[in-house]
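Peer 1: Okay, so here is data_22.txt, and as you'll see once you scroll down, it has compact mmCIF, C-alpha atoms and all ligand atoms.
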```
# COMPACT_ATOMS: atom_id res chain seq x y z
CA MET A 1385 -36.95 -43.82 59.35
CA PRO A 1386 -35.85 -40.43 60.76
CA SER A 1387 -37.67 -37.49 59.28
CA ASP A 1388 -34.52 -35.97 57.65
CA ASN A 1389 -33.98 -39.18 55.72
CA GLU A 1390 -35.45 -39.26 52.30
CA SER A 1391 -36.68 -42.40 50.70
CA LEU A 1392 -34.01 -44.12 48.61
CA THR A 1393 -36.33 -44.34 45.61
CA GLN A 1394 -36.86 -40.61 45.65
CA ILE A 1395 -33.10 -40.03 45.85
CA GLU A 1396 -32.46 -42.49 43.01
CA THR A 1397 -35.10 -40.98 40.71
CA GLN A 1398 -33.82 -37.45 41.20
CA ALA A 1399 -30.17 -38.44 41.03
CA ARG A 1400 -30.64 -40.28 37.73
CA ARG A 1401 -32.72 -37.49 36.23
CA GLU A 1402 -30.16 -34.81 37.15
CA LEU A 1403 -27.22 -36.95 36.05
CA ASP A 1404 -28.88 -37.47 32.68
CA ALA A 1405 -29.29 -33.73 32.24
CA ALA A 1406 -25.73 -32.76 33.33
CA PRO A 1407 -24.16 -31.00 30.34
CA ASP A 1408 -20.47 -30.90 31.38
CA GLU A 1409 -17.76 -31.81 33.88
CA ASP A 1410 -18.66 -28.94 36.22
CA ALA A 1411 -22.27 -30.09 36.43
CA LEU A 1412 -21.05 -33.65 37.15
CA GLU A 1413 -18.95 -32.40 40.06
CA ARG A 1414 -21.88 -30.43 41.48
CA TRP A 1415 -24.02 -33.54 41.12
CA ARG A 1416 -21.41 -35.70 42.90
CA VAL A 1417 -21.21 -33.24 45.82
CA ALA A 1418 -25.01 -33.05 46.06
CA PHE A 1419 -25.63 -36.80 46.20
CA LEU A 1420 -22.39 -38.58 47.11
CA GLY A 1421 -20.33 -35.81 48.79
CA ARG A 1422 -19.61 -35.65 52.55
CA ARG A 1423 -22.92 -33.88 53.15
CA GLY A 1424 -24.57 -35.41 50.09
CA ARG A 1425 -28.10 -36.74 50.25
CA LEU A 1426 -27.20 -40.41 50.00
CA THR A 1427 -24.29 -40.01 52.46
CA LEU A 1428 -26.71 -38.55 55.02
CA VAL A 1429 -28.93 -41.61 54.66
CA LEU A 1430 -25.97 -43.95 55.16
CA ARG A 1431 -24.89 -42.01 58.26
CA SER A 1432 -28.35 -42.12 59.80
CA LEU A 1433 -28.36 -45.97 59.59
CA ALA A 1434 -26.57 -46.13 62.94
CA ASP A 1435 -29.69 -44.87 64.69
CA LEU A 1436 -31.91 -47.63 63.28
CA PRO A 1437 -32.80 -50.95 64.83
CA VAL A 1438 -30.59 -53.84 63.58
CA GLY A 1439 -33.12 -55.44 61.25
CA GLU A 1440 -34.02 -52.24 59.41
CA ARG A 1441 -30.38 -51.16 59.43
CA ARG A 1442 -29.40 -54.32 57.56
CA THR A 1443 -32.04 -54.10 54.77
CA LEU A 1444 -31.85 -50.35 54.32
CA GLY A 1445 -28.04 -50.44 54.61
CA ALA A 1446 -27.77 -53.04 51.89
CA GLN A 1447 -30.12 -51.02 49.61
CA ALA A 1448 -28.35 -47.75 50.30
CA ASN A 1449 -24.91 -49.23 49.65
CA ARG A 1450 -26.10 -50.80 46.41
CA LEU A 1451 -27.54 -47.44 45.33
CA LYS A 1452 -24.25 -45.76 46.20
CA ARG A 1453 -22.33 -48.23 43.99
CA ASP A 1454 -24.92 -47.86 41.22
CA LEU A 1455 -24.75 -44.06 41.30
CA GLU A 1456 -20.92 -44.10 41.38
CA GLY A 1457 -20.98 -46.43 38.38
CA ALA A 1458 -23.48 -44.19 36.60
CA LEU A 1459 -21.26 -41.17 37.31
CA GLN A 1460 -18.23 -42.89 35.75
CA GLU A 1461 -20.28 -43.88 32.72
CA LYS A 1462 -21.61 -40.34 32.28
CA LYS A 1463 -18.07 -38.99 32.58
CA ALA A 1464 -16.88 -41.34 29.86
CA GLU A 1465 -19.86 -40.42 27.69
CA LEU A 1466 -19.13 -36.68 28.03
CA ALA A 1467 -15.48 -37.24 27.12
CA ARG A 1468 -16.53 -39.30 24.09
CA SER A 1469 -18.90 -36.66 22.78
CA ALA A 1470 -16.21 -33.97 23.23
CA THR A 1471 -13.81 -36.00 21.08
CA ASP A 1472 -16.61 -36.76 18.62
CA ALA A 1473 -17.21 -33.00 18.29
CA LEU A 1474 -13.51 -32.45 17.64
CA VAL A 1475 -13.42 -35.22 15.06
CA GLU A 1476 -16.53 -33.77 13.46
CA GLU A 1477 -14.99 -30.28 13.28
CA ARG A 1478 -11.59 -31.46 12.12
CA ILE A 1479 -10.13 -29.32 9.33
CA ASP A 1480 -7.05 -29.85 7.22
CA VAL A 1481 -4.99 -26.77 8.05
CA THR A 1482 -2.57 -27.64 5.25
CA LEU A 1483 -5.21 -27.06 2.54
CA PRO A 1484 -4.70 -23.82 0.59
CA GLY A 1485 -7.24 -21.07 1.40
CA PRO A 1486 -9.65 -19.61 -1.14
CA PRO A 1487 -7.63 -17.47 -3.56
CA LEU A 1488 -7.66 -13.70 -2.81
CA PRO A 1489 -8.24 -11.41 -5.77
CA ARG A 1490 -4.80 -10.09 -6.73
CA GLY A 1491 -4.42 -6.41 -7.54
CA ARG A 1492 -1.85 -4.98 -9.89
CA LEU A 1493 0.34 -1.93 -10.17
CA HIS A 1494 -1.12 1.04 -11.99
CA PRO A 1495 0.37 1.44 -15.50
CA THR A 1496 1.91 4.77 -14.41
CA THR A 1497 3.61 3.05 -11.47
CA GLN A 1498 4.92 0.24 -13.66
CA THR A 1499 6.53 2.62 -16.13
CA LEU A 1500 7.71 4.94 -13.34
CA ARG A 1501 9.56 2.04 -11.71
CA ASP A 1502 11.25 1.06 -14.98
CA VAL A 1503 12.27 4.68 -15.62
CA LEU A 1504 13.70 5.09 -12.11
CA ASP A 1505 15.49 1.71 -12.30
CA SER A 1506 17.31 2.80 -15.43
CA PHE A 1507 18.67 5.94 -13.72
CA VAL A 1508 19.40 4.22 -10.41
CA SER A 1509 21.53 1.70 -12.29
CA MET A 1510 23.54 4.67 -13.64
CA GLY A 1511 24.21 5.98 -10.13
CA PHE A 1512 21.32 8.41 -9.61
CA GLN A 1513 19.53 8.67 -6.27
CA VAL A 1514 15.74 8.92 -6.05
CA VAL A 1515 14.41 11.80 -3.94
CA GLU A 1516 10.86 13.05 -3.43
CA GLY A 1517 9.49 16.43 -2.41
CA PRO A 1518 6.25 18.18 -1.42
CA GLU A 1519 3.36 18.59 -3.87
CA ILE A 1520 2.43 21.92 -2.30
CA GLU A 1521 5.30 24.29 -2.99
CA TRP A 1522 6.39 27.87 -2.56
CA ASP A 1523 6.34 30.18 -5.55
CA HIS A 1524 10.03 30.66 -4.77
CA TYR A 1525 11.02 27.03 -5.43
CA ASN A 1526 8.54 26.33 -8.22
CA PHE A 1527 9.26 29.51 -10.25
CA GLU A 1528 11.59 32.16 -8.84
CA ALA A 1529 14.63 29.92 -8.24
CA LEU A 1530 14.16 28.43 -11.73
CA ARG A 1531 14.39 31.75 -13.56
CA ILE A 1532 10.66 32.00 -14.11
CA PRO A 1533 9.91 35.57 -13.02
CA LYS A 1534 6.57 37.03 -11.94
CA ASP A 1535 5.48 38.07 -15.45
CA HIS A 1536 6.35 34.75 -17.11
CA PRO A 1537 3.42 33.13 -18.99
CA ALA A 1538 3.91 29.84 -17.08
CA ARG A 1539 2.55 31.60 -13.97
CA ASP A 1540 -0.65 32.55 -15.73
CA MET A 1541 -3.66 31.61 -13.65
CA TRP A 1542 -4.74 29.32 -16.45
CA GLN A 1543 -1.74 27.07 -15.89
CA THR A 1544 -0.99 27.20 -12.18
CA LEU A 1545 -3.25 25.99 -9.39
CA TRP A 1546 -2.67 28.46 -6.57
CA ILE A 1547 -3.29 27.68 -2.91
CA ASP A 1548 -5.91 30.01 -1.46
CA TYR A 1549 -3.53 31.63 1.05
CA GLU A 1550 -2.34 35.25 1.01
CA GLN A 1551 0.77 36.83 2.45
CA ASP A 1552 1.45 40.55 1.94
CA GLY A 1553 -1.24 40.66 -0.75
CA GLU A 1554 0.34 37.81 -2.73
CA ARG A 1555 -0.27 34.07 -3.06
CA PRO A 1556 3.09 32.42 -2.36
CA MET A 1557 1.90 28.79 -2.37
CA LEU A 1558 0.85 26.54 -5.24
CA LEU A 1559 0.53 22.97 -6.42
CA ARG A 1560 3.90 22.29 -8.04
CA THR A 1561 3.78 22.41 -11.83
CA HIS A 1562 6.95 20.28 -12.16
CA THR A 1563 9.29 18.45 -9.76
CA SER A 1564 12.23 20.85 -10.30
CA PRO A 1565 11.60 22.65 -6.98
CA MET A 1566 12.90 19.55 -5.20
CA GLN A 1567 16.14 19.68 -7.18
CA ILE A 1568 16.62 23.27 -5.97
CA ARG A 1569 16.10 22.04 -2.40
CA VAL A 1570 18.67 19.26 -2.95
CA MET A 1571 21.24 21.76 -4.29
CA GLU A 1572 20.63 24.11 -1.37
CA GLN A 1573 21.29 21.31 1.10
CA THR A 1574 24.19 19.42 -0.50
CA GLN A 1575 27.37 20.07 -2.42
CA PRO A 1576 28.33 18.58 -5.81
CA PRO A 1577 28.68 15.94 -7.11
CA ILE A 1578 24.90 15.56 -7.47
CA ARG A 1579 23.01 12.80 -9.29
CA VAL A 1580 19.31 12.79 -8.46
CA VAL A 1581 16.04 11.82 -10.09
CA VAL A 1582 12.83 13.27 -8.68
CA PRO A 1583 9.52 11.51 -9.40
CA GLY A 1584 6.17 12.92 -8.37
CA ARG A 1585 2.75 14.27 -9.20
CA CYS A 1586 2.45 17.69 -10.77
CA TYR A 1587 -0.61 19.83 -11.41
CA ARG A 1588 -1.71 22.27 -14.10
CA HIS A 1589 -4.81 24.38 -14.42
CA GLU A 1590 -5.87 23.43 -17.92
CA ALA A 1591 -8.60 21.75 -19.92
CA THR A 1592 -8.08 18.04 -20.53
CA ASP A 1593 -7.81 16.43 -23.95
CA PRO A 1594 -6.23 13.21 -25.26
CA THR A 1595 -2.72 14.50 -24.51
CA HIS A 1596 -3.30 16.78 -21.50
CA GLU A 1597 -4.37 16.07 -17.94
CA TRP A 1598 -4.61 18.45 -14.99
CA MET A 1599 -2.46 16.00 -13.02
CA MET A 1600 0.54 14.11 -14.31
CA THR A 1601 3.57 12.23 -13.03
CA GLN A 1602 6.92 13.75 -13.80
CA VAL A 1603 10.44 12.44 -13.49
CA GLU A 1604 13.15 15.06 -13.53
CA GLY A 1605 16.85 14.35 -13.35
CA LEU A 1606 19.82 16.50 -12.34
CA ALA A 1607 23.55 15.91 -12.50
CA VAL A 1608 25.97 18.60 -11.28
CA ASP A 1609 29.72 18.12 -11.10
CA GLU A 1610 33.01 19.47 -12.40
CA GLY A 1611 33.30 18.94 -16.12
CA ILE A 1612 29.74 17.80 -16.91
CA SER A 1613 29.07 18.30 -20.60
CA LEU A 1614 26.34 17.92 -23.19
CA GLY A 1615 28.04 14.60 -24.07
CA ASP A 1616 27.19 13.28 -20.59
CA LEU A 1617 23.60 14.35 -21.07
CA LYS A 1618 23.38 12.60 -24.43
CA GLY A 1619 25.04 9.39 -23.21
CA THR A 1620 22.87 9.18 -20.11
CA LEU A 1621 19.61 9.78 -21.96
CA ALA A 1622 20.52 7.45 -24.84
CA ASP A 1623 21.12 4.67 -22.32
CA PHE A 1624 17.77 5.44 -20.69
CA ALA A 1625 15.92 5.50 -24.04
CA ARG A 1626 17.40 2.15 -25.09
CA ARG A 1627 16.42 0.50 -21.81
CA ILE A 1628 12.83 1.65 -22.10
CA PHE A 1629 12.24 1.58 -25.88
CA GLY A 1630 14.65 -1.10 -27.11
CA PRO A 1631 18.43 -1.51 -27.52
CA ASP A 1632 18.51 -0.36 -31.15
CA ARG A 1633 17.00 3.11 -30.58
CA LYS A 1634 18.68 6.07 -32.20
CA VAL A 1635 18.49 9.37 -30.31
CA ALA A 1636 18.59 12.93 -31.59
CA PHE A 1637 18.43 16.37 -30.01
CA ARG A 1638 16.47 19.30 -31.33
CA CYS A 1639 16.50 22.87 -30.02
CA ASP A 1640 13.84 23.77 -27.51
CA TYR A 1641 13.42 26.43 -24.85
CA PHE A 1642 13.07 26.05 -21.08
CA PRO A 1643 13.86 29.03 -18.82
CA PHE A 1644 16.05 26.89 -16.53
CA VAL A 1645 18.50 25.50 -19.09
CA GLU A 1646 20.89 26.87 -21.67
CA PRO A 1647 21.02 25.40 -24.20
CA GLY A 1648 17.63 23.69 -23.99
CA MET A 1649 16.58 20.80 -26.18
CA GLU A 1650 14.13 18.01 -26.72
CA LEU A 1651 15.22 14.40 -27.02
CA ARG A 1652 13.77 12.33 -29.79
CA ILE A 1653 14.04 8.64 -30.55
CA ASP A 1654 13.56 7.00 -33.94
CA CYS A 1655 10.03 5.60 -34.18
CA PHE A 1656 10.00 2.09 -32.72
CA LEU A 1657 6.78 1.30 -34.57
CA CYS A 1658 7.66 2.13 -38.17
CA GLY A 1659 11.45 2.17 -37.82
CA GLY A 1660 11.59 5.69 -39.27
CA GLU A 1661 9.34 5.11 -42.29
CA GLY A 1662 6.66 7.45 -40.92
CA CYS A 1663 3.42 6.39 -39.20
CA ARG A 1664 0.59 7.80 -37.09
CA THR A 1665 2.48 7.53 -33.77
CA CYS A 1666 5.42 9.59 -35.08
CA SER A 1667 3.16 11.91 -37.12
CA ARG A 1668 4.90 10.64 -40.26
CA THR A 1669 8.21 12.20 -39.17
CA GLY A 1670 9.98 8.98 -38.14
CA TRP A 1671 10.86 10.60 -34.80
CA ILE A 1672 9.12 10.68 -31.40
CA GLU A 1673 9.76 13.32 -28.72
CA ILE A 1674 10.19 11.71 -25.34
CA LEU A 1675 11.52 14.42 -23.02
CA GLY A 1676 12.97 17.90 -22.54
CA ALA A 1677 16.52 18.52 -21.33
CA GLY A 1678 19.44 20.92 -21.28
CA MET A 1679 22.49 22.27 -19.48
CA VAL A 1680 21.51 23.84 -16.15
CA HIS A 1681 21.48 27.64 -16.48
CA PRO A 1682 24.49 29.10 -14.60
CA ASP A 1683 22.23 31.64 -12.86
CA ILE A 1684 20.48 28.72 -11.11
CA LEU A 1685 23.77 27.26 -9.91
CA ASP A 1686 24.93 30.67 -8.63
CA ALA A 1687 21.61 31.27 -6.85
CA VAL A 1688 22.00 28.07 -4.78
CA GLY A 1689 25.57 29.07 -3.89
CA TYR A 1690 27.49 26.90 -6.37
CA ASP A 1691 30.39 28.39 -8.30
CA SER A 1692 29.13 28.24 -11.89
CA GLU A 1693 32.68 28.71 -13.20
CA ARG A 1694 33.68 25.46 -11.56
CA TYR A 1695 30.50 23.38 -11.78
CA THR A 1696 28.26 22.56 -14.69
CA GLY A 1697 25.21 20.33 -14.84
CA PHE A 1698 22.59 18.77 -17.04
CA ALA A 1699 18.91 18.32 -16.29
CA PHE A 1700 15.96 16.68 -17.96
CA GLY A 1701 12.26 16.19 -17.39
CA MET A 1702 9.66 13.78 -18.74
CA GLY A 1703 6.00 12.95 -18.33
CA VAL A 1704 5.68 9.35 -17.17
CA GLU A 1705 2.17 8.95 -18.60
CA ARG A 1706 3.50 10.01 -22.00
CA ILE A 1707 6.25 7.36 -21.82
CA ALA A 1708 3.65 4.73 -20.79
CA MET A 1709 1.34 5.82 -23.65
CA LEU A 1710 4.12 5.32 -26.18
CA ARG A 1711 5.14 1.95 -24.75
CA HIS A 1712 1.61 0.53 -24.66
CA GLY A 1713 -0.02 2.40 -27.56
CA ILE A 1714 -2.48 4.23 -25.28
CA GLU A 1715 -4.21 6.97 -27.23
CA ASP A 1716 -5.87 9.05 -24.50
CA ILE A 1717 -4.08 10.22 -21.34
CA ARG A 1718 -7.42 10.67 -19.56
CA LEU A 1719 -7.76 6.87 -19.34
CA PHE A 1720 -5.02 6.76 -16.66
CA TYR A 1721 -7.05 8.41 -13.92
CA SER A 1722 -10.67 7.69 -14.83
CA ASN A 1723 -10.63 4.45 -12.77
CA ASP A 1724 -12.04 2.24 -15.50
CA LEU A 1725 -11.01 -1.32 -14.61
CA ARG A 1726 -11.50 -2.44 -18.21
CA PHE A 1727 -8.57 -0.18 -19.04
CA LEU A 1728 -6.45 -0.82 -15.94
CA ARG A 1729 -6.76 -4.63 -16.09
CA GLN A 1730 -4.89 -4.67 -19.39
CA PHE A 1731 -1.55 -3.88 -17.75
C1 LIG A 1801 9.73 18.79 -19.89
C2 LIG A 1801 11.02 19.45 -19.69
C3 LIG A 1801 12.81 19.83 -18.17
C4 LIG A 1801 14.44 20.44 -16.54
C5 LIG A 1801 13.20 19.93 -16.88
C6 LIG A 1801 15.65 21.33 -14.60
C7 LIG A 1801 15.68 21.37 -13.24
C8 LIG A 1801 16.60 22.18 -12.63
C9 LIG A 1801 17.45 22.93 -13.35
C10 LIG A 1801 17.36 22.86 -14.71
CL1 LIG A 1801 16.66 22.24 -10.94
N1 LIG A 1801 16.48 22.08 -15.32
N2 LIG A 1801 14.74 20.53 -15.21
C11 LIG A 1801 15.27 20.84 -17.56
C12 LIG A 1801 14.88 20.74 -18.86
C13 LIG A 1801 13.63 20.22 -19.19
O1 LIG A 1801 11.56 19.29 -18.42
O2 LIG A 1801 9.15 18.93 -20.91
N3 LIG A 1801 9.24 18.04 -18.92
C14 LIG A 1801 8.00 17.37 -18.98
```
Can you present the structure in this file as structure tokens?
Ligand code: 2NL
Peer 2:
Amino acid sequence: MPSDNESLTQIETQARRELDAAPDEDALERWRVAFLGRRGRLTLVLRSLADLPVGERRTLGAQANRLKRDLEGALQEKKAELARSATDALVEERIDVTLPGPPLPRGRLHPTTQTLRDVLDSFVSMGFQVVEGPEIEWDHYNFEALRIPKDHPARDMWQTLWIDYEQDGERPMLLRTHTSPMQIRVMEQTQPPIRVVVPGRCYRHEATDPTHEWMMTQVEGLAVDEGISLGDLKGTLADFARRIFGPDRKVAFRCDYFPFVEPGMELRIDCFLCGGEGCRTCSRTGWIEILGAGMVHPDILDAVGYDSERYTGFAFGMGVERIAMLRHGIEDIRLFYSNDLRFLRQF
């Protein structure tokens, strides 16, 4: 046997060992090239047969050809086995993609948001548009344009949170104390007729107690047009009150003062708990205050360039947390923003 020929037994042992160990199709192909390919080890043996004497050629040739068939058969078998185990793995891993997943914990809307949406819906259905404005405002929009001059008590440092920024020795920026500044911006930019409601967070520098928070959500409304009267204000707010507190609510006005309206008033509804008999919620009066309102002061209309002889308007403002407290019987406003899930999960 020529020296570059290996013994068939050696080839067979190695070939079978390596075939056994082949993990995938790529390894099988490498194995095939190494043993049965054109320059494969067994192929070289078969080629070298030509140089042998006839007798040896016949025996060795027969053995080598048998080994070739055996190894080819073994390769096919191994291929089939690999394919089977791949399918087995798939069958093993099969999942039913139509099964529902594990349920995700569902959140909920904050009670303020829930009531805010109901309040806004009631005004949107009457033709008002919702607009929002910045929480950091200029003194001009928050106070000056609303007839709250420099020496007005509402500007006292104990009620306004000023931004630490000076211009000409004054602090012209603040956290808005109500959402009215946005209504001024709307009037500056558009002409009547105007029907807007402005929701948003407002800030006050004051100690908290069951009915006061340093942050609260306000909704203010404004309607300006020719011929707007106190009757429009009453009709609009009565409709609102009945949508939020029940269709049988009675409404009543009482005098109040706000620098930006004349006349100014508070709106009260008959107590929905005791029906007017007198209880704790209505402080035994039978009536509950729900918001402040009035006819827009003509000075404000003139200052934004409207002709106050031609146009009149009404405006109102309410605290959303207060409305939510009345609806749900919540006794402490501080519960809204103390992040206690035992409270929040109830709504
Ligand atoms: C309250 C009272 C009120 C207004 C807000 C308003 C806005 C403009 C002009 C005139 Cl631009 N008025 N807003 C009017 C009356 C009352 O809010 O107690 N809110 C919590």
Peer 1: As a quick test: using all atoms listed in the file, which residues lie no more than 9 Å away from ligand LIG 1801 (chain A)? Give them as a PyMOL selection string.
Peer 2: chain A and resi 1529-1530+1562-1571+1602-1606+1641-1646+1648-1650+1674-1681+1684-1685+1697-1704
Peer 1: In Å to one decimal, how far is atom CA of A:Ala1607 from atom CA of A:Phe1507?
Peer 2: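 It comes out at 11.2 Å.
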Peer 1: Is it possible to get the residues within 12 Å of (-4.2, 2.8, -18.6) (coordinates as in the file, counting all atoms listed in the file) written as a PyMOL selection string?
Peer 2: chain A and resi 1492-1499+1704-1731
Peer 1: Output C-alpha atoms of each residue in that selection to a file, as a PDB file, in the coordinates of the input.
Peer 2:
```
ATOM      1  CA  ARG A1492      -1.850  -4.980  -9.890  1.00  0.00           C
ATOM      2  CA  LEU A1493       0.340  -1.930 -10.170  1.00  0.00           C
ATOM      3  CA  HIS A1494      -1.120   1.040 -11.990  1.00  0.00           C
ATOM      4  CA  PRO A1495       0.370   1.440 -15.500  1.00  0.00           C
ATOM      5  CA  THR A1496       1.910   4.770 -14.410  1.00  0.00           C
ATOM      6  CA  THR A1497       3.610   3.050 -11.470  1.00  0.00           C
ATOM      7  CA  GLN A1498       4.920   0.240 -13.660  1.00  0.00           C
ATOM      8  CA  THR A1499       6.530   2.620 -16.130  1.00  0.00           C
ATOM      9  CA  VAL A1704       5.680   9.350 -17.170  1.00  0.00           C
ATOM     10  CA  GLU A1705       2.170   8.950 -18.600  1.00  0.00           C
ATOM     11  CA  ARG A1706       3.500  10.010 -22.000  1.00  0.00           C
ATOM     12  CA  ILE A1707       6.250   7.360 -21.820  1.00  0.00           C
ATOM     13  CA  ALA A1708       3.650   4.730 -20.790  1.00  0.00           C
ATOM     14  CA  MET A1709       1.340   5.820 -23.650  1.00  0.00           C
ATOM     15  CA  LEU A1710       4.120   5.320 -26.180  1.00  0.00           C
ATOM     16  CA  ARG A1711       5.140   1.950 -24.750  1.00  0.00           C
ATOM     17  CA  HIS A1712       1.610   0.530 -24.660  1.00  0.00           C
ATOM     18  CA  GLY A1713      -0.020   2.400 -27.560  1.00  0.00           C
ATOM     19  CA  ILE A1714      -2.480   4.230 -25.280  1.00  0.00           C
ATOM     20  CA  GLU A1715      -4.210   6.970 -27.230  1.00  0.00           C
ATOM     21  CA  ASP A1716      -5.870   9.050 -24.500  1.00  0.00           C
ATOM     22  CA  ILE A1717      -4.080  10.220 -21.340  1.00  0.00           C
ATOM     23  CA  ARG A1718      -7.420  10.670 -19.560  1.00  0.00           C
ATOM     24  CA  LEU A1719      -7.760   6.870 -19.340  1.00  0.00           C
ATOM     25  CA  PHE A1720      -5.020   6.760 -16.660  1.00  0.00           C
ATOM     26  CA  TYR A1721      -7.050   8.410 -13.920  1.00  0.00           C
ATOM     27  CA  SER A1722     -10.670   7.690 -14.830  1.00  0.00           C
ATOM     28  CA  ASN A1723     -10.630   4.450 -12.770  1.00  0.00           C
ATOM     29  CA  ASP A1724     -12.040   2.240 -15.500  1.00  0.00           C
ATOM     30  CA  LEU A1725     -11.010  -1.320 -14.610  1.00  0.00           C
ATOM     31  CA  ARG A1726     -11.500  -2.440 -18.210  1.00  0.00           C
ATOM     32  CA  PHE A1727      -8.570  -0.180 -19.040  1.00  0.00           C
ATOM     33  CA  LEU A1728      -6.450  -0.820 -15.940  1.00  0.00           C
ATOM     34  CA  ARG A1729      -6.760  -4.630 -16.090  1.00  0.00           C
ATOM     35  CA  GLN A1730      -4.890  -4.670 -19.390  1.00  0.00           C
ATOM     36  CA  PHE A1731      -1.550  -3.880 -17.750  1.00  0.00           C
TER      37      PHE A1731
END
```
Peer 1: Nearest residue to A:Lys1462 out of A:Pro1556, A:Pro1407, A:Pro1583, A:Pro1537, using only C-alpha atoms?
Peer 2: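 The answer is A:Pro1407, which sits nearest to A:Lys1462.
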Peer 1: Would you mind reading off the distance between atom CA of A:Thr1427 and atom CA of A:Ala1446, one decimal, in Å?
Peer 2: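 So the two atoms, atom CA of A:Thr1427 and atom CA of A:Ala1446, lie 13.5 Å apart.
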